[in-house]
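Content type CSV, C-alpha atoms, from the file start-v1.csv:
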```csv
chain,number,residue,atom,x,y,z
A,1,MET,CA,38.5,169.9,80.3
A,2,ASN,CA,36.5,167.9,82.7
A,3,LEU,CA,33.0,168.5,84.1
A,4,THR,CA,34.1,168.9,87.7
A,5,THR,CA,36.4,171.9,86.8
A,6,LEU,CA,33.7,173.5,84.7
A,7,ARG,CA,31.0,173.1,87.3
A,8,ASP,CA,33.2,174.4,90.1
A,9,PHE,CA,33.9,177.5,88.0
A,10,LEU,CA,30.2,178.1,87.2
A,11,LEU,CA,29.0,177.5,90.7
A,12,SER,CA,31.7,179.9,92.1
A,13,LEU,CA,29.9,182.8,90.5
A,14,PRO,CA,27.7,184.6,93.1
A,15,GLY,CA,24.0,183.8,92.9
A,16,THR,CA,24.5,180.9,90.5
A,17,GLN,CA,22.0,178.0,90.7
A,18,GLU,CA,22.2,174.7,88.8
A,19,ASP,CA,19.2,172.8,87.5
A,20,THR,CA,18.1,170.4,84.8
A,21,PRO,CA,14.8,171.7,83.3
A,22,PHE,CA,15.5,170.2,79.9
A,23,GLY,CA,16.3,166.8,81.1
A,24,PRO,CA,19.3,165.2,82.8
A,25,GLU,CA,21.7,165.6,79.9
A,26,ILE,CA,21.7,169.5,80.0
A,27,LEU,CA,22.9,171.3,83.1
A,28,VAL,CA,21.5,174.9,83.3
A,29,TYR,CA,23.1,177.7,85.2
A,30,ARG,CA,21.0,180.7,86.3
A,31,ILE,CA,21.1,183.9,88.2
A,32,ALA,CA,17.8,185.0,89.6
A,33,GLY,CA,16.1,182.5,87.3
A,34,LYS,CA,17.8,183.8,84.2
A,35,MET,CA,20.0,181.4,82.2
A,36,TYR,CA,23.6,182.3,81.4
A,37,ALA,CA,25.1,178.9,80.6
A,38,LEU,CA,23.9,175.4,79.5
A,39,VAL,CA,26.3,172.5,79.6
A,40,ASN,CA,25.9,169.4,77.5
A,41,TRP,CA,27.9,167.2,80.0
A,42,GLN,CA,27.5,164.1,77.9
A,43,ALA,CA,29.3,165.6,74.9
A,44,GLU,CA,32.9,164.6,74.3
A,45,PRO,CA,34.4,167.1,74.5
A,46,LEU,CA,32.1,169.1,76.7
A,47,SER,CA,30.1,171.9,75.1
A,48,ILE,CA,28.5,174.9,76.7
A,49,ASN,CA,26.0,177.5,75.4
A,50,LEU,CA,26.8,181.0,76.5
A,51,LYS,CA,25.1,184.4,76.1
A,52,CYS,CA,27.1,186.9,74.1
A,53,ALA,CA,26.9,190.4,72.7
A,54,PRO,CA,25.8,190.0,69.1
A,55,GLU,CA,28.8,191.7,67.5
A,56,LEU,CA,31.2,189.7,69.8
A,57,ALA,CA,29.4,186.5,69.0
A,58,LEU,CA,30.0,186.9,65.3
A,59,LEU,CA,33.7,187.8,65.8
A,60,LEU,CA,34.3,184.8,68.1
A,61,ARG,CA,32.7,182.5,65.5
A,62,GLU,CA,35.1,183.8,62.9
A,63,ILE,CA,38.2,183.5,65.1
A,64,HIS,CA,37.7,180.3,67.0
A,65,PRO,CA,36.6,177.0,65.3
A,66,GLN,CA,35.3,175.9,68.7
A,67,VAL,CA,32.6,178.6,68.7
A,68,LYS,CA,29.4,178.1,66.7
A,69,PRO,CA,25.9,179.7,66.7
A,70,GLY,CA,24.0,178.7,69.8
A,71,TRP,CA,22.5,175.2,69.5
A,72,HIS,CA,18.7,175.4,70.1
A,73,MET,CA,19.1,179.1,71.1
A,74,ASN,CA,18.7,182.6,69.7
A,75,LYS,CA,21.7,182.5,67.4
A,76,GLN,CA,22.2,186.3,67.6
A,77,HIS,CA,22.7,186.2,71.3
A,78,TRP,CA,24.1,182.7,72.1
A,79,ASN,CA,27.1,180.7,71.1
A,80,THR,CA,27.9,177.1,71.6
A,81,VAL,CA,31.5,176.5,72.6
A,82,THR,CA,33.2,173.2,72.3
A,83,LEU,CA,35.6,172.9,75.2
A,84,ASP,CA,38.4,171.0,73.5
A,85,SER,CA,42.0,170.8,74.5
A,86,GLN,CA,42.9,173.5,72.0
A,87,LEU,CA,40.9,176.2,73.8
A,88,ASP,CA,42.8,178.1,76.5
A,89,GLU,CA,41.2,178.1,80.0
A,90,ALA,CA,41.4,181.9,80.2
A,91,LEU,CA,39.3,182.2,77.1
A,92,TRP,CA,36.4,180.0,78.1
A,93,GLN,CA,36.4,181.4,81.6
A,94,GLY,CA,36.3,184.9,80.2
A,95,TRP,CA,33.4,184.0,77.9
A,96,ILE,CA,31.5,182.5,80.9
A,97,LEU,CA,32.0,185.7,82.8
A,98,HIS,CA,30.8,187.8,79.8
A,99,SER,CA,27.6,185.7,79.7
A,100,TYR,CA,27.2,186.0,83.5
A,101,GLU,CA,27.7,189.8,83.4
A,102,ARG,CA,25.3,190.2,80.5
A,103,VAL,CA,22.5,188.5,82.4
A,104,ILE,CA,23.3,190.5,85.6
A,105,ALA,CA,23.1,193.7,83.6
A,106,GLY,CA,19.5,192.8,82.6
A,107,LEU,CA,18.3,192.1,86.2
A,108,PRO,CA,16.7,194.7,88.4
A,109,LYS,CA,19.3,196.1,90.9
A,110,ALA,CA,17.6,194.4,93.8
A,111,LYS,CA,18.1,190.9,92.3
A,112,ARG,CA,21.7,191.4,91.2
A,113,PRO,CA,24.4,189.4,93.1
A,114,GLN,CA,27.7,191.1,93.9
A,115,ALA,CA,29.6,191.4,90.6
A,116,VAL,CA,32.7,189.3,90.0
A,117,LYS,CA,36.0,190.5,88.6
A,118,PRO,CA,38.6,188.0,87.5
```

Structure translated into structure tokens:
Amino acid sequence: MNLTTLRDFLLSLPGTQEDTPFGPEILVYRIAGKMYALVNWQAEPLSINLKCAPELALLLREIHPQVKPGWHMNKQHWNTVTLDSQLDEALWQGWILHSYERVIAGLPKAKRPQAVKP
């Protein structure tokens, strides 16, 4: 996994904006000002914090060793995923879409971008 591939995928989601409010080492991805992904681009391998349904968050942590409670986040609603070579691309992309869609669902309809389906 490389940063360019990850950034390209995140920025391909409609309405996504990238900024660095917590300093240059953390890239934050938002929709209408709401965070859905935080990337520690200096980590080796890369890591990403993603919003997740609480029940699914617990299940993913049990099944995948790359998934841990969200670092510096609400651990009920956020996971930190280590994007190592053992993690299939379809999995991490699906988890990003899940996070993105959870944030969109909480937005007023007028602020929602067009939904994405893989």

Gap from CA of Pro69 in chain A to CA of Leu50 in chain A - Å, one decimal: 9.9 Å

Point-to-point distance from CA of Val28 in chain A to CA of Ser47 in chain A, Å rounded to tenths: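 Those two atoms sit 12.3 Å apart.
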
Å distance separating CA of Glu55 in chain A from CA of Asp8 in chain A, one decimal place: 28.8 Å

Protein and nucleic acid residues near (31.9, 170.1, 87.8) (cut-off 12 Å, only C-alpha atoms) as number ranges by chain: A: 1-12, 18, 27, 29, 39-41, 46

Within 10 Å of file point (13.6, 188.1, 88.4), counting only C-alpha atoms, expressed as a VMD selection string: chain A and resid 31 to 34 106 to 108 110 to 112

Writer output for current selection, C-alpha atoms, as a PDB file, in the frame of the given file:
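File written: result.pdb
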```pdb
ATOM      1  CA  ILE A  31      21.100 183.900  88.200  1.00  0.00           C
ATOM      2  CA  ALA A  32      17.800 185.000  89.600  1.00  0.00           C
ATOM      3  CA  GLY A  33      16.100 182.500  87.300  1.00  0.00           C
ATOM      4  CA  LYS A  34      17.800 183.800  84.200  1.00  0.00           C
ATOM      5  CA  GLY A 106      19.500 192.800  82.600  1.00  0.00           C
ATOM      6  CA  LEU A 107      18.300 192.100  86.200  1.00  0.00           C
ATOM      7  CA  PRO A 108      16.700 194.700  88.400  1.00  0.00           C
ATOM      8  CA  ALA A 110      17.600 194.400  93.800  1.00  0.00           C
ATOM      9  CA  LYS A 111      18.100 190.900  92.300  1.00  0.00           C
ATOM     10  CA  ARG A 112      21.700 191.400  91.200  1.00  0.00           C
TER      11      ARG A 112
END
```

A:Ile26, A:Gly70, A:Pro113, A:Gln76 ranked by distance to Glu101 in chain A, top pick (using all atoms listed in the file):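 Closest to Glu101 in chain A of all the choices is A:Pro113.
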
Selection near Asn79 in chain A, 8 Å with only C-alpha atoms, sequence-local residues under 5 positions removed, as an NGL selection string: :A and (49-52 or 57 or 67-71)

Contact residues around Trp92 in chain A with only C-alpha atoms at 10 Å, ignoring same-chain residues under 4 positions, as a list of chain:residue names: A:Leu6, A:Ile48, A:Leu50, A:Val81, A:Thr82, A:Leu83, A:Leu87, A:Asp88, A:Ile96, A:Leu97, A:His98
